[in-house]
Amino acid sequence: MTDIAGQQKLRALDLDLRRRAAAVIPGGMYGHMSVTRLPPAYPQFYERSEGTTVWDVDGNEYVDFMCSFGPMILGYKHRRVEAAAAGQAAKGDTQPGPAPCMVELAELLVGRVAHADWAIFAKNGTDATTISLMIARAKTGRSKVLAAAGAYHGAAPWSTLRMDGVAPDERASLHYYEYNDAASVERAIEEAGAGEVAAIITSPFKHHAGFDEEEVDPAFARRLRALCDELGAALVMDEVRAGFRLNHGGSWEHLGVAPDLSAWSKAIANGYPLAAILGSGPYADAASRIFVTGSFWFQAVPMAAAVATLNALADEDAVAVMERAGSRLREGFEQVAREVGVPIRQTGPVQLPNLSFPGDTDFAKASAFSAAMLDRGVIVHPRHNWFLCAAHTDGDVDRFLEAAEDGLRAVLQCD
Ligand code: PMP
């Protein structure tokens, strides 16, 4: 194993790129807004990546437990996915229409996800959630949507977490409930008007950034389904973040609760840009009526990558692999925290774990922990859940646990 701690170089190239970016890119940074919430030492520019390892532009090496905020589910440069992508790229990517692999992908998804009778494709998670709601509105002829307060469903005006640049009208048809609180859903229905509700959008579990995660209460999931049935509204599942990490099909299949529509992106093509909207038969007509399109939506390379990703997820038993690595991390981390004497809270499914420190309202401890982990060559995030992928090895988890001892000692300095 390389001596990461001894290798840290001054991040001179990263700092130079930040300076140049600040001159030509508003705010100096782009991409994930969460970059702005990272400790300042965090590299913002990366040179390359392979497996579970990423290298920043200054040549520092890290084990990545953020998986690019989710897309990497099989590891960077997964051989099978890259071969499929390269094979398709040699033939064509953006063309006058889709390649045959689009139909193959739709067939694969319909076979894999229980509630799905059809699939349509786009690029980002935001596309997928937004289009799901359009389909729900087209089907029901209604406009109101219920969403969990604090949930993130994308960067469109209806769902972004900030109001800058958003006209209040663009939010006027949204009403909010508390995740896992059925009474609050009923209150939101009353507020919206029962005959006005087109959809209830939810997520596989509560994963609001900056908060402890909460597994779904199965009774809550069933109640959402029953309420949608009573209302004649669509139950929309936002699978963008958790999809294919908890289950090879839909995330609530083990609960016996089927959504009408589901939105997928992130992990679906192991890093290639693709999103999918899946739906049940009764929604197919509405899905065929809405007008949605994009110049790059028929790109063939991401679709070929997605076919290979879905096949590899099944063949590698990826969910079980992630669960095993995540459980090892959680149990080992609990033990390290006990030994160092720092109370920690680990919440959510082990494949998408969230760490918090009791009473750490300003995230000072979480930031100190993440900065110390970075120094030891491990990438985590102070305010956002982490992501396991099927390429994480016992060695990676051991690296995490060794680094975590120093990370938690840094937290002790905060008191
Ligand atoms: N829904 C959820 C639950 C997400 O986590 C995200 C992205 N973090 C989105 C939607 C939006 O996806 P995208 O950034 O690809 O538009």
# chains A, B, ... in the order shown; residues from 1 in each chain; ligands from 1

call {"tool": "residues_near_ligand", "arguments": {"ligand": "ligand 1", "cutoff": "10 Å", "atoms": "only C-alpha atoms and all ligand atoms", "output": "JSON, numbers by chain"}}
result
{"A": [31, 32, 33, 34, 69, 70, 71, 123, 124, 125, 126, 127, 128, 129, 130, 151, 152, 153, 154, 155, 156, 159, 160, 202, 203, 204, 205, 206, 207, 208, 209, 237, 238, 239, 240, 241, 242, 243, 263, 264, 265, 266, 267, 273, 274, 275, 384, 385]}

call {"tool": "residues_around", "arguments": {"residues": "stretch 106-113 of chain A", "least_positions_apart": "2", "cutoff": "12 Å", "atoms": "only C-alpha atoms", "output": "NGL selection string"}}
result
:A and (100-104 or 115-121 or 239 or 243-244 or 247-254 or 258-264 or 268 or 275-281 or 303-304 or 306-311 or 313-314)

call {"tool": "write_last_selection", "arguments": {"atoms": "N, CA and C atoms", "output": "compact mmCIF listing (two decimals), in the first residue's frame"}}
result
# COMPACT_ATOMS: atom_id res chain seq x y z
N PRO A 100 -29.44 0.57 -31.80
CA PRO A 100 -30.26 -0.56 -31.33
C PRO A 100 -30.18 -0.78 -29.82
N CYS A 101 -29.05 -0.38 -29.21
CA CYS A 101 -28.90 -0.65 -27.77
C CYS A 101 -29.93 0.11 -26.94
N MET A 102 -30.60 1.13 -27.50
CA MET A 102 -31.65 1.80 -26.71
C MET A 102 -32.79 0.83 -26.42
N VAL A 103 -33.16 0.05 -27.44
CA VAL A 103 -34.26 -0.89 -27.25
C VAL A 103 -33.83 -2.02 -26.30
N GLU A 104 -32.58 -2.45 -26.48
CA GLU A 104 -32.05 -3.49 -25.59
C GLU A 104 -32.07 -3.00 -24.14
N HIS A 115 -42.11 -2.76 -11.39
CA HIS A 115 -43.29 -1.95 -11.75
C HIS A 115 -43.23 -1.45 -13.19
N ALA A 116 -42.05 -1.62 -13.85
CA ALA A 116 -41.83 -0.97 -15.14
C ALA A 116 -42.36 -1.80 -16.31
N ASP A 117 -43.21 -1.15 -17.12
CA ASP A 117 -43.66 -1.75 -18.39
C ASP A 117 -43.03 -1.04 -19.58
N TRP A 118 -42.40 0.10 -19.31
CA TRP A 118 -41.78 0.88 -20.39
C TRP A 118 -40.69 1.78 -19.81
N ALA A 119 -39.86 2.27 -20.71
CA ALA A 119 -38.78 3.18 -20.30
C ALA A 119 -38.62 4.28 -21.34
N ILE A 120 -38.32 5.50 -20.86
CA ILE A 120 -37.88 6.54 -21.80
C ILE A 120 -36.59 7.14 -21.22
N PHE A 121 -35.77 7.74 -22.09
CA PHE A 121 -34.43 8.12 -21.67
C PHE A 121 -34.18 9.61 -21.79
N GLU A 239 -35.47 7.45 -7.70
CA GLU A 239 -34.41 6.45 -7.50
C GLU A 239 -33.03 7.00 -7.90
N GLY A 243 -30.91 4.27 -6.52
CA GLY A 243 -31.25 3.22 -7.45
C GLY A 243 -30.11 2.26 -7.75
N PHE A 244 -30.41 0.97 -7.69
CA PHE A 244 -29.49 -0.15 -7.96
C PHE A 244 -28.42 -0.35 -6.89
N ASN A 247 -31.02 -2.65 -4.26
CA ASN A 247 -31.79 -3.73 -4.83
C ASN A 247 -31.46 -3.79 -6.33
N HIS A 248 -31.52 -4.96 -6.93
CA HIS A 248 -31.29 -5.04 -8.38
C HIS A 248 -32.47 -4.49 -9.17
N GLY A 249 -33.63 -4.37 -8.52
CA GLY A 249 -34.79 -3.77 -9.16
C GLY A 249 -35.13 -2.49 -8.41
N GLY A 250 -36.43 -2.22 -8.28
CA GLY A 250 -36.87 -1.02 -7.56
C GLY A 250 -36.56 -1.14 -6.07
N SER A 251 -36.33 0.02 -5.44
CA SER A 251 -35.87 0.00 -4.04
C SER A 251 -36.96 -0.42 -3.05
N TRP A 252 -38.22 -0.35 -3.43
CA TRP A 252 -39.28 -0.75 -2.50
C TRP A 252 -39.89 -2.11 -2.86
N GLU A 253 -39.26 -2.82 -3.78
CA GLU A 253 -39.85 -4.10 -4.18
C GLU A 253 -39.92 -5.08 -3.02
N HIS A 254 -38.91 -5.02 -2.13
CA HIS A 254 -38.92 -5.95 -0.98
C HIS A 254 -40.06 -5.62 -0.01
N ALA A 258 -45.25 -0.79 -5.04
CA ALA A 258 -44.81 -0.43 -6.40
C ALA A 258 -45.19 1.01 -6.71
N PRO A 259 -44.24 1.82 -7.15
CA PRO A 259 -44.62 3.15 -7.65
C PRO A 259 -45.25 3.02 -9.03
N ASP A 260 -45.85 4.11 -9.50
CA ASP A 260 -46.36 4.13 -10.87
C ASP A 260 -45.27 4.56 -11.84
N LEU A 261 -44.43 5.47 -11.34
CA LEU A 261 -43.36 6.04 -12.17
C LEU A 261 -42.09 6.08 -11.32
N SER A 262 -40.94 5.88 -11.95
CA SER A 262 -39.70 6.03 -11.19
C SER A 262 -38.65 6.72 -12.05
N ALA A 263 -37.81 7.51 -11.36
CA ALA A 263 -36.79 8.33 -12.02
C ALA A 263 -35.41 7.80 -11.65
N TRP A 264 -34.59 7.56 -12.68
CA TRP A 264 -33.27 6.95 -12.47
C TRP A 264 -32.21 7.76 -13.18
N ILE A 268 -26.85 4.36 -13.27
CA ILE A 268 -27.43 3.52 -14.31
C ILE A 268 -26.43 3.14 -15.42
N ALA A 275 -30.22 9.11 -18.09
CA ALA A 275 -31.29 9.02 -17.11
C ALA A 275 -32.41 8.21 -17.73
N ALA A 276 -33.23 7.61 -16.89
CA ALA A 276 -34.37 6.85 -17.40
C ALA A 276 -35.60 7.15 -16.56
N ILE A 277 -36.73 7.17 -17.23
CA ILE A 277 -38.02 7.24 -16.55
C ILE A 277 -38.70 5.92 -16.84
N LEU A 278 -39.07 5.21 -15.78
CA LEU A 278 -39.75 3.92 -15.93
C LEU A 278 -41.17 4.07 -15.45
N GLY A 279 -42.08 3.35 -16.08
CA GLY A 279 -43.47 3.50 -15.65
C GLY A 279 -44.30 2.27 -15.91
N SER A 280 -45.46 2.26 -15.29
CA SER A 280 -46.38 1.13 -15.45
C SER A 280 -47.29 1.40 -16.65
N GLY A 281 -47.92 0.32 -17.13
CA GLY A 281 -48.74 0.38 -18.34
C GLY A 281 -49.72 1.53 -18.40
N MET A 303 -25.87 4.56 -23.52
CA MET A 303 -26.86 3.46 -23.49
C MET A 303 -26.15 2.10 -23.56
N ALA A 304 -25.11 2.02 -24.38
CA ALA A 304 -24.32 0.78 -24.42
C ALA A 304 -23.66 0.55 -23.07
N ALA A 306 -24.83 1.53 -20.24
CA ALA A 306 -25.88 1.16 -19.29
C ALA A 306 -26.22 -0.33 -19.41
N VAL A 307 -26.30 -0.82 -20.63
CA VAL A 307 -26.58 -2.25 -20.82
C VAL A 307 -25.50 -3.06 -20.11
N ALA A 308 -24.23 -2.69 -20.35
CA ALA A 308 -23.12 -3.42 -19.73
C ALA A 308 -23.16 -3.27 -18.20
N THR A 309 -23.52 -2.08 -17.72
CA THR A 309 -23.58 -1.85 -16.27
C THR A 309 -24.63 -2.75 -15.63
N LEU A 310 -25.82 -2.78 -16.23
CA LEU A 310 -26.90 -3.60 -15.65
C LEU A 310 -26.53 -5.08 -15.66
N ASN A 311 -25.90 -5.52 -16.74
CA ASN A 311 -25.49 -6.93 -16.79
C ASN A 311 -24.40 -7.22 -15.76
N LEU A 313 -23.83 -5.57 -12.96
CA LEU A 313 -24.39 -5.49 -11.59
C LEU A 313 -24.96 -6.85 -11.20
N ALA A 314 -25.68 -7.47 -12.14
CA ALA A 314 -26.28 -8.77 -11.84
C ALA A 314 -25.20 -9.85 -11.72

call {"tool": "residues_around", "arguments": {"residues": "A:Val397", "least_positions_apart": "5", "cutoff": "8 Å", "atoms": "only C-alpha atoms", "output": "VMD selection string"}}
result
chain A and resid 325 328 to 329 392

call {"tool": "write_last_selection", "arguments": {"atoms": "N, CA and C atoms", "output": "PDB file, in the first residue's frame"}}
result
ATOM      1  N   ALA A 325     -19.260  -4.793   2.030  1.00  0.00           N
ATOM      2  CA  ALA A 325     -18.206  -3.800   2.267  1.00  0.00           C
ATOM      3  C   ALA A 325     -18.732  -2.694   3.189  1.00  0.00           C
ATOM      4  N   ARG A 328     -18.952  -3.881   6.783  1.00  0.00           N
ATOM      5  CA  ARG A 328     -17.615  -3.950   7.390  1.00  0.00           C
ATOM      6  C   ARG A 328     -17.157  -2.553   7.804  1.00  0.00           C
ATOM      7  N   LEU A 329     -17.423  -1.596   6.915  1.00  0.00           N
ATOM      8  CA  LEU A 329     -17.038  -0.216   7.219  1.00  0.00           C
ATOM      9  C   LEU A 329     -17.802   0.286   8.445  1.00  0.00           C
ATOM     10  N   HIS A 392     -15.192  -1.572  -4.156  1.00  0.00           N
ATOM     11  CA  HIS A 392     -14.534  -1.362  -2.854  1.00  0.00           C
ATOM     12  C   HIS A 392     -14.117  -2.708  -2.265  1.00  0.00           C
TER      13      HIS A 392
END

call {"tool": "residues_around", "arguments": {"residues": "A:Gln413", "least_positions_apart": "5", "cutoff": "12 Å", "atoms": "only C-alpha atoms", "output": "MDAnalysis selection string"}}
result
chainID A and resid 342 364:365 368:369 372 406:408

call {"tool": "write_last_selection", "arguments": {"atoms": "N, CA, C and O atoms", "output": "PDB file, in the first residue's frame"}}
result
ATOM      1  N   VAL A 342     -15.043   9.009  20.600  1.00  0.00           N
ATOM      2  CA  VAL A 342     -15.841  10.058  19.938  1.00  0.00           C
ATOM      3  C   VAL A 342     -17.212   9.483  19.586  1.00  0.00           C
ATOM      4  O   VAL A 342     -17.295   8.520  18.818  1.00  0.00           O
ATOM      5  N   ALA A 364     -18.711  21.547  12.231  1.00  0.00           N
ATOM      6  CA  ALA A 364     -17.267  21.756  12.481  1.00  0.00           C
ATOM      7  C   ALA A 364     -16.578  20.407  12.657  1.00  0.00           C
ATOM      8  O   ALA A 364     -15.475  20.185  12.139  1.00  0.00           O
ATOM      9  N   LYS A 365     -17.220  19.500  13.395  1.00  0.00           N
ATOM     10  CA  LYS A 365     -16.594  18.187  13.611  1.00  0.00           C
ATOM     11  C   LYS A 365     -16.563  17.385  12.320  1.00  0.00           C
ATOM     12  O   LYS A 365     -15.568  16.741  11.994  1.00  0.00           O
ATOM     13  N   ALA A 368     -13.803  18.760  10.216  1.00  0.00           N
ATOM     14  CA  ALA A 368     -12.469  18.377  10.725  1.00  0.00           C
ATOM     15  C   ALA A 368     -12.196  16.914  10.389  1.00  0.00           C
ATOM     16  O   ALA A 368     -11.085  16.553   9.987  1.00  0.00           O
ATOM     17  N   PHE A 369     -13.215  16.086  10.528  1.00  0.00           N
ATOM     18  CA  PHE A 369     -13.063  14.662  10.216  1.00  0.00           C
ATOM     19  C   PHE A 369     -12.726  14.478   8.734  1.00  0.00           C
ATOM     20  O   PHE A 369     -11.755  13.803   8.380  1.00  0.00           O
ATOM     21  N   ALA A 372      -9.218  15.619   7.818  1.00  0.00           N
ATOM     22  CA  ALA A 372      -8.175  14.685   8.285  1.00  0.00           C
ATOM     23  C   ALA A 372      -8.170  13.415   7.442  1.00  0.00           C
ATOM     24  O   ALA A 372      -7.115  12.849   7.144  1.00  0.00           O
ATOM     25  N   ASP A 406      -7.277   8.733  12.826  1.00  0.00           N
ATOM     26  CA  ASP A 406      -6.772  10.116  12.808  1.00  0.00           C
ATOM     27  C   ASP A 406      -7.910  11.109  12.624  1.00  0.00           C
ATOM     28  O   ASP A 406      -7.914  12.188  13.208  1.00  0.00           O
ATOM     29  N   GLY A 407      -8.873  10.727  11.787  1.00  0.00           N
ATOM     30  CA  GLY A 407     -10.013  11.608  11.547  1.00  0.00           C
ATOM     31  C   GLY A 407     -10.739  11.912  12.859  1.00  0.00           C
ATOM     32  O   GLY A 407     -11.106  13.059  13.130  1.00  0.00           O
ATOM     33  N   LEU A 408     -10.931  10.893  13.665  1.00  0.00           N
ATOM     34  CA  LEU A 408     -11.666  11.084  14.918  1.00  0.00           C
ATOM     35  C   LEU A 408     -10.803  11.804  15.965  1.00  0.00           C
ATOM     36  O   LEU A 408     -11.324  12.566  16.781  1.00  0.00           O
TER      37      LEU A 408
END

call {"tool": "residues_around", "arguments": {"residues": "stretch 164-171 of chain A", "least_positions_apart": "5", "cutoff": "12 Å", "atoms": "only C-alpha atoms", "output": "PyMOL selection string"}}
result
chain A and resi 143-147+155-159+176

call {"tool": "atom_distance", "arguments": {"atom1": "atom CA of A:Cys67", "atom2": "atom CA of A:Met322"}}
result
12.3 Å

call {"tool": "atom_distance", "arguments": {"atom1": "atom CA of A:Val301", "atom2": "atom CA of A:Asp93"}}
result
5.4 Å

call {"tool": "residues_around", "arguments": {"residues": "stretch 75-83 of chain A", "least_positions_apart": "3", "cutoff": "6 Å", "atoms": "only C-alpha atoms", "output": "PyMOL selection string"}}
result
chain A and resi 49-52+72+86-87+305+308-309+391

call {"tool": "select_by_dssp", "arguments": {"residues": "stretch 158-324 of chain A", "states": "alpha helix (DSSP H)", "output": "number ranges by chain"}}
result
A: 182-192, 218-231, 284-289, 300-315, 318-324

call {"tool": "select_by_dssp", "arguments": {"residues": "stretch 166-297 of chain A", "states": "strand (DSSP E)", "output": "ChimeraX atom specification"}}
result
/A:174-177,197-202,234-238,261-264,275-279

call {"tool": "residues_around", "arguments": {"residues": "A:Phe211", "least_positions_apart": "3", "cutoff": "12 Å", "atoms": "only C-alpha atoms", "output": "list in words"}}
result
Gly150, Ala151, Lys206, His207, His208, Glu214, Arg345, Gln346, Thr347, Gly348, Pro353, Asn354, Leu355, Ser356, Phe357, Pro358, Gly359, Asp360, Thr361, Asp362, Phe363, Ala366, Pro382, Arg383, His384 and Asn385 of chain A

call {"tool": "closest_residue", "arguments": {"among": "A:Gly395, A:Met66, A:Asp212, A:Ser132", "to": "A:Gln351", "atoms": "only C-alpha atoms"}}
result
A:Met66

call {"tool": "closest_residue", "arguments": {"among": "A:Ala226, A:Ala199, A:Ala122, A:Val380", "to": "A:Phe296", "atoms": "only C-alpha atoms"}}
result
A:Ala122

call {"tool": "atom_distance", "arguments": {"atom1": "atom CA of A:Val236", "atom2": "atom CA of A:Met163"}}
result
23.5 Å
